[in-house]
Structures are given as structure tokens and as C-alpha cells.
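Raw query_16.cif, mmCIF, C-alpha atoms:
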data_protein
#
loop_
_atom_site.group_PDB
_atom_site.id
_atom_site.type_symbol
_atom_site.label_atom_id
_atom_site.label_comp_id
_atom_site.auth_asym_id
_atom_site.auth_seq_id
_atom_site.Cartn_x
_atom_site.Cartn_y
_atom_site.Cartn_z
ATOM 1 C CA MET A 1 -49.283 73.634 -47.876
ATOM 2 C CA GLU A 2 -50.906 70.951 -45.722
ATOM 3 C CA ILE A 3 -50.228 67.360 -46.796
ATOM 4 C CA THR A 4 -53.409 65.310 -47.136
ATOM 5 C CA ALA A 5 -53.573 61.514 -47.030
ATOM 6 C CA GLU A 6 -54.087 61.513 -50.795
ATOM 7 C CA ASP A 7 -51.029 63.750 -51.309
ATOM 8 C CA ALA A 8 -48.925 61.460 -49.104
ATOM 9 C CA HIS A 9 -50.072 58.425 -51.066
ATOM 10 C CA GLU A 10 -49.370 60.080 -54.424
ATOM 11 C CA LEU A 11 -45.975 61.349 -53.285
ATOM 12 C CA ALA A 12 -45.072 57.778 -52.321
ATOM 13 C CA TRP A 13 -46.097 56.625 -55.812
ATOM 14 C CA PHE A 14 -44.111 59.426 -57.426
ATOM 15 C CA CYS A 15 -41.032 58.681 -55.331
ATOM 16 C CA ALA A 16 -41.099 54.953 -56.068
ATOM 17 C CA GLU A 17 -41.826 55.357 -59.791
ATOM 18 C CA LEU A 18 -39.785 58.450 -60.707
ATOM 19 C CA THR A 19 -36.876 56.555 -62.265
ATOM 20 C CA ASP A 20 -39.228 54.646 -64.567
ATOM 21 C CA ALA A 21 -41.259 57.794 -65.260
ATOM 22 C CA ARG A 22 -38.097 59.641 -66.318
ATOM 23 C CA ALA A 23 -37.111 56.805 -68.644
ATOM 24 C CA LEU A 24 -40.585 56.772 -70.204
ATOM 25 C CA ALA A 25 -40.624 60.576 -70.528
ATOM 26 C CA ARG A 26 -37.203 60.474 -72.190
ATOM 27 C CA ARG A 27 -38.448 57.900 -74.732
ATOM 28 C CA MET A 28 -41.556 60.010 -75.371
ATOM 29 C CA GLY A 29 -39.580 63.244 -75.727
ATOM 30 C CA ARG A 30 -41.328 64.736 -72.671
ATOM 31 C CA LEU A 31 -38.511 64.763 -70.117
ATOM 32 C CA ALA A 32 -38.372 68.569 -69.842
ATOM 33 C CA GLU A 33 -42.120 68.683 -69.092
ATOM 34 C CA LEU A 34 -41.726 65.990 -66.434
ATOM 35 C CA GLU A 35 -38.869 67.906 -64.802
ATOM 36 C CA LEU A 36 -41.046 71.061 -64.645
ATOM 37 C CA LEU A 37 -43.723 69.064 -62.827
ATOM 38 C CA LEU A 38 -41.060 67.757 -60.460
ATOM 39 C CA VAL A 39 -40.030 71.357 -59.659
ATOM 40 C CA GLU A 40 -43.667 72.153 -58.789
ATOM 41 C CA LEU A 41 -43.743 69.118 -56.520
ATOM 42 C CA ARG A 42 -40.482 69.984 -54.756
ATOM 43 C CA GLU A 43 -41.455 73.625 -54.274
ATOM 44 C CA GLY A 44 -44.936 72.708 -53.061
ATOM 45 C CA THR A 45 -46.689 75.048 -55.473
ATOM 46 C CA ARG A 46 -49.314 72.383 -56.251
ATOM 47 C CA PRO A 47 -50.580 69.449 -54.192
ATOM 48 C CA ALA A 48 -48.768 66.175 -54.828
ATOM 49 C CA ALA A 49 -52.008 64.517 -55.960
ATOM 50 C CA ALA A 50 -52.495 67.169 -58.670
ATOM 51 C CA VAL A 51 -48.889 66.870 -59.851
ATOM 52 C CA ALA A 52 -49.094 63.054 -59.930
ATOM 53 C CA GLN A 53 -52.254 63.261 -62.038
ATOM 54 C CA SER A 54 -50.481 65.664 -64.417
ATOM 55 C CA VAL A 55 -47.594 63.196 -64.699
ATOM 56 C CA ARG A 56 -49.974 60.332 -65.470
ATOM 57 C CA THR A 57 -51.668 62.439 -68.136
ATOM 58 C CA LEU A 58 -48.327 63.572 -69.598
ATOM 59 C CA LEU A 59 -47.063 59.985 -69.854
ATOM 60 C CA ASP A 60 -50.399 58.451 -70.915
ATOM 61 C CA LEU A 61 -50.556 56.343 -67.744
ATOM 62 C CA PRO A 62 -53.873 55.203 -66.257
ATOM 63 C CA SER A 63 -55.317 57.342 -63.491
ATOM 64 C CA ARG A 64 -55.159 56.009 -59.975
ATOM 65 C CA PRO A 65 -58.554 54.720 -58.878
ATOM 66 C CA ARG A 66 -60.113 56.600 -55.985
ATOM 67 C CA GLY A 67 -59.918 54.886 -52.657
ATOM 68 C CA TYR A 68 -58.763 55.163 -49.089
ATOM 69 C CA ALA A 69 -55.134 56.085 -48.468
ATOM 70 C CA SER A 70 -53.901 56.272 -44.890
ATOM 71 C CA PHE A 71 -51.755 59.154 -43.672
ATOM 72 C CA PRO A 72 -48.141 58.306 -42.711
ATOM 73 C CA GLY A 73 -48.079 57.066 -39.129
ATOM 74 C CA GLN A 74 -51.832 56.443 -39.079
ATOM 75 C CA GLU A 75 -51.852 52.917 -40.485
ATOM 76 C CA SER A 76 -54.028 50.480 -38.550
ATOM 77 C CA ALA A 77 -51.270 47.866 -38.324
ATOM 78 C CA PRO A 78 -47.764 48.579 -36.999
ATOM 79 C CA ARG A 79 -44.954 48.944 -39.494
ATOM 80 C CA PRO A 80 -43.048 45.729 -40.106
ATOM 81 C CA ALA A 81 -39.594 45.523 -38.542
ATOM 82 C CA GLY A 82 -36.798 46.520 -40.883
ATOM 83 C CA SER A 83 -38.691 49.045 -42.980
ATOM 84 C CA TYR A 84 -37.521 52.305 -44.469
ATOM 85 C CA ILE A 85 -39.801 55.316 -44.602
ATOM 86 C CA CYS A 86 -39.916 58.772 -46.168
ATOM 87 C CA PRO A 87 -37.147 60.840 -44.529
ATOM 88 C CA GLY A 88 -39.278 63.963 -44.305
ATOM 89 C CA GLY A 89 -42.539 62.249 -43.428
ATOM 90 C CA ARG A 90 -43.986 63.719 -46.626
ATOM 91 C CA CYS A 91 -45.358 60.480 -48.044
ATOM 92 C CA SER A 92 -46.515 57.021 -47.058
ATOM 93 C CA ARG A 93 -43.719 55.086 -48.766
ATOM 94 C CA ASN A 94 -42.619 52.086 -46.695
ATOM 95 C CA GLU A 95 -39.963 49.760 -48.122
ATOM 96 C CA ARG A 96 -38.282 46.628 -46.825
ATOM 97 C CA ARG A 97 -34.593 46.141 -47.496
ATOM 98 C CA THR A 98 -32.837 42.831 -47.771
ATOM 99 C CA PRO A 99 -29.471 42.659 -45.989
ATOM 100 C CA GLY A 100 -26.669 43.918 -48.192
ATOM 101 C CA ALA A 101 -29.014 45.526 -50.708
ATOM 102 C CA PRO A 102 -28.545 49.200 -51.539
ATOM 103 C CA LEU A 103 -30.470 51.728 -49.481
ATOM 104 C CA HIS A 104 -33.753 52.906 -50.931
ATOM 105 C CA GLU A 105 -33.777 56.555 -51.906
ATOM 106 C CA CYS A 106 -36.451 59.200 -52.319
ATOM 107 C CA ALA A 107 -36.326 59.910 -56.032
ATOM 108 C CA VAL A 108 -38.215 63.178 -55.593
ATOM 109 C CA PHE A 109 -35.957 64.843 -53.024
ATOM 110 C CA GLY A 110 -32.776 62.754 -53.482
ATOM 111 C CA GLU A 111 -32.566 61.660 -49.852
ATOM 112 C CA PRO A 112 -32.077 58.122 -48.515
ATOM 113 C CA LEU A 113 -35.136 56.622 -46.864
ATOM 114 C CA MET A 114 -34.968 56.567 -43.063
ATOM 115 C CA PHE A 115 -35.077 53.403 -40.975
ATOM 116 C CA GLY A 116 -38.143 53.520 -38.799
#
As C-alpha cells, please, write out the structure in this file.
Amino acid sequence: MEITAEDAHELAWFCAELTDARALARRMGRLAELELLLVELREGTRPAAAVAQSVRTLLDLPSRPRGYASFPGQESAPRPAGSYICPGGRCSRNERRTPGAPLHECAVFGEPLMFG
């Protein structure tokens, strides 16, 4: 399945917010449903944007407003020095890390972010 700019943006959101989403789903008694959506995301059976919308609906979160989302590597400005990016290039997540802080990790695929 081809990754669109919207999918990359939504996958970045999902990756960054998955820990909080799991905690919320656990409190709501919807953790099993969230994990099924995560399986769909990992297996690529549905676009990331569709899965993210399903997660927002499941957890009663507001929908993401429509707007422009750049594709990874296509940003108009260069990445800041010292940033960590999606290890598989699947999303647009870009995190800075302070010295000595733990490495950021992709919560969706369980991989550490890559320095780039």
C-alpha cells in the first residue's frame, strides 16, 4: 500500500500518542479494540489515516482538522540538527533529544527512532 502524505502525518501522530491512547483505552475498557486497530496498522490492511480516524472515534477524541501535511523528506526547511526520525520512513515524526535523555521509540512498530 502506498503511503500518502496524510498517512505519514497520521502515523506520526499515532506513534507519538500511542502510549497515552493505550492508557485512555484501558480506562475506557476499549484496549482490545485499540489493539485490533494497531494490528491493522502494522499489517497495512487499511491506510494509516483511516486507522487513526477509527482510533479517534473509538476514544472519543476530536478529529484532526484537514490541512496540508508534508511527506517525509519533502519538508521545505531542512531538518534541525540532532533530530530523530521514523526508522522505516513510514511517517513524518521528527523529534529532538536532549543529551542524556532516553531514545525516542516508535510506539507502533517498537523500533528506536533513527538519527537523521
>> Using all atoms listed in the file, can you tell me which of A:Leu59, A:Val39, A:Ala48, A:Ala8 comes closest to A:Ala25?
In response: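 The answer is A:Leu59, which sits nearest to A:Ala25.
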> Restricting the calculation to all atoms listed in the file, which member of A:Ala16, A:Ala49, A:Val108, A:Ala101 is positioned closest to A:Gly88?
Replying inline: A:Val108
> For A:Met114, which residue among A:Cys15, A:Cys86, A:Leu41, A:Leu34 is the nearest when counting all atoms listed in the file?
Replying inline: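 Checking each candidate against A:Met114, we get A:Cys86 as the closest.
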>> Assuming the chain letters and numbering stay as they are in my file, what does the PyMOL selection byres ((chain A and resi 105) around 10) actually select? List them as a list in words.
In response: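 Evaluating the PyMOL selection byres ((chain A and resi 105) around 10) on these coordinates yields Cys15, Ala16, Tyr84, Ile85, Cys86, Pro87, Glu95, Pro102, Leu103, His104, Cys106, Ala107, Val108, Phe109, Gly110, Glu111, Pro112, Leu113 and Met114 of chain A.
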>> I'd like to know which of A:Ser92, A:Ile3, A:Gly44, A:Ala21 is closest to A:Thr57, using only C-alpha atoms.
In response: A:Ala21
> With distances taken over all atoms listed in the file, which of A:Ser83, A:Val55, A:Glu43, A:Asp20 is nearest to A:Pro99?
Replying inline: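 With all atoms listed in the file as the atom set, the closest residue is A:Ser83.
Put simply, atom CA of A:Arg30 is 29.4 Å away from atom CA of A:Gly89.
From atom CA of A:Asn94 back to atom CA of A:Ala50, the distance works out to 21.6 Å.
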>> Report, in Å with one decimal, the straight-line distance from atom CA of A:Gly116 to atom CA of A:Glu17.
In response: 21.4 Å
Using N, CA, C and O atoms, give me stretch 80-112 of chain A from the structure I just pasted, as a compact mmCIF listing (two decimals), in the first residue's frame.
# COMPACT_ATOMS: atom_id res chain seq x y z
N PRO A 80 16.22 20.06 11.58
CA PRO A 80 17.18 20.63 12.53
C PRO A 80 18.22 19.58 12.92
O PRO A 80 17.93 18.39 12.92
N ALA A 81 19.43 20.03 13.23
CA ALA A 81 20.48 19.12 13.65
C ALA A 81 20.06 18.42 14.94
O ALA A 81 19.40 19.01 15.79
N GLY A 82 20.41 17.17 15.06
CA GLY A 82 20.11 16.44 16.29
C GLY A 82 18.70 15.91 16.37
O GLY A 82 18.18 15.75 17.45
N SER A 83 18.08 15.61 15.23
CA SER A 83 16.71 15.11 15.27
C SER A 83 16.67 13.61 15.00
O SER A 83 17.55 13.04 14.37
N TYR A 84 15.62 13.00 15.48
CA TYR A 84 15.40 11.57 15.29
C TYR A 84 14.14 11.41 14.47
O TYR A 84 13.14 12.09 14.69
N ILE A 85 14.21 10.51 13.48
CA ILE A 85 13.12 10.33 12.55
C ILE A 85 12.64 8.88 12.54
O ILE A 85 13.29 8.00 13.09
N CYS A 86 11.52 8.66 11.89
CA CYS A 86 10.92 7.33 11.77
C CYS A 86 11.95 6.38 11.15
O CYS A 86 12.50 6.66 10.10
N PRO A 87 12.22 5.24 11.81
CA PRO A 87 13.25 4.33 11.31
C PRO A 87 12.91 3.71 9.95
O PRO A 87 13.80 3.39 9.19
N GLY A 88 11.67 3.56 9.64
CA GLY A 88 11.30 2.96 8.37
C GLY A 88 10.87 3.97 7.33
O GLY A 88 10.45 3.59 6.24
N GLY A 89 10.93 5.26 7.67
CA GLY A 89 10.48 6.28 6.75
C GLY A 89 8.98 6.21 6.48
O GLY A 89 8.51 6.66 5.46
N ARG A 90 8.24 5.63 7.42
CA ARG A 90 6.80 5.43 7.22
C ARG A 90 5.99 6.65 7.63
O ARG A 90 4.85 6.79 7.22
N CYS A 91 6.56 7.50 8.48
CA CYS A 91 5.80 8.66 8.94
C CYS A 91 6.68 9.90 8.98
O CYS A 91 7.87 9.83 8.74
N SER A 92 6.08 11.00 9.35
CA SER A 92 6.79 12.28 9.35
C SER A 92 7.27 12.69 10.74
O SER A 92 7.65 13.83 10.93
N ARG A 93 7.27 11.76 11.68
CA ARG A 93 7.70 12.10 13.04
C ARG A 93 9.15 12.57 13.02
O ARG A 93 10.01 11.98 12.38
N ASN A 94 9.42 13.64 13.76
CA ASN A 94 10.73 14.25 13.85
C ASN A 94 10.89 14.78 15.27
O ASN A 94 10.19 15.70 15.66
N GLU A 95 11.74 14.17 16.05
CA GLU A 95 11.87 14.51 17.47
C GLU A 95 13.29 14.97 17.78
O GLU A 95 14.25 14.44 17.25
N ARG A 96 13.41 15.94 18.66
CA ARG A 96 14.71 16.35 19.18
C ARG A 96 14.94 15.60 20.48
O ARG A 96 14.00 15.25 21.18
N ARG A 97 16.18 15.36 20.79
CA ARG A 97 16.54 14.63 22.01
C ARG A 97 17.57 15.43 22.77
O ARG A 97 18.59 15.83 22.22
N THR A 98 17.29 15.66 24.03
CA THR A 98 18.28 16.35 24.86
C THR A 98 19.35 15.35 25.27
O THR A 98 19.06 14.16 25.46
N PRO A 99 20.60 15.80 25.40
CA PRO A 99 21.68 14.89 25.77
C PRO A 99 21.36 14.13 27.06
O PRO A 99 20.89 14.71 28.04
N GLY A 100 21.58 12.84 27.02
CA GLY A 100 21.34 12.01 28.19
C GLY A 100 19.92 11.51 28.34
O GLY A 100 19.64 10.64 29.16
N ALA A 101 19.01 12.06 27.56
CA ALA A 101 17.61 11.63 27.64
C ALA A 101 17.47 10.28 26.93
O ALA A 101 18.27 9.93 26.07
N PRO A 102 16.45 9.51 27.30
CA PRO A 102 16.26 8.23 26.62
C PRO A 102 15.94 8.43 25.14
O PRO A 102 15.43 9.47 24.74
N LEU A 103 16.27 7.43 24.35
CA LEU A 103 15.97 7.49 22.92
C LEU A 103 14.47 7.43 22.70
O LEU A 103 13.77 6.71 23.39
N HIS A 104 14.01 8.19 21.73
CA HIS A 104 12.60 8.12 21.34
C HIS A 104 12.38 6.80 20.63
O HIS A 104 13.27 6.27 19.98
N GLU A 105 11.17 6.27 20.76
CA GLU A 105 10.86 4.99 20.14
C GLU A 105 9.55 5.08 19.37
O GLU A 105 8.63 5.79 19.77
N CYS A 106 9.47 4.35 18.28
CA CYS A 106 8.23 4.23 17.53
C CYS A 106 7.32 3.30 18.32
O CYS A 106 7.61 2.13 18.49
N ALA A 107 6.23 3.86 18.81
CA ALA A 107 5.31 3.07 19.63
C ALA A 107 4.50 2.09 18.78
O ALA A 107 4.00 1.11 19.29
N VAL A 108 4.40 2.34 17.49
CA VAL A 108 3.62 1.47 16.62
C VAL A 108 4.39 0.20 16.29
O VAL A 108 3.89 -0.90 16.41
N PHE A 109 5.67 0.35 15.90
CA PHE A 109 6.46 -0.79 15.46
C PHE A 109 7.52 -1.21 16.48
O PHE A 109 8.24 -2.18 16.25
N GLY A 110 7.65 -0.49 17.60
CA GLY A 110 8.58 -0.88 18.65
C GLY A 110 10.05 -0.76 18.28
O GLY A 110 10.87 -1.52 18.77
N GLU A 111 10.36 0.20 17.43
CA GLU A 111 11.74 0.40 16.99
C GLU A 111 12.22 1.77 17.46
O GLU A 111 11.44 2.71 17.49
N PRO A 112 13.52 1.91 17.81
CA PRO A 112 14.00 3.23 18.18
C PRO A 112 14.03 4.14 16.96
O PRO A 112 14.25 3.68 15.83
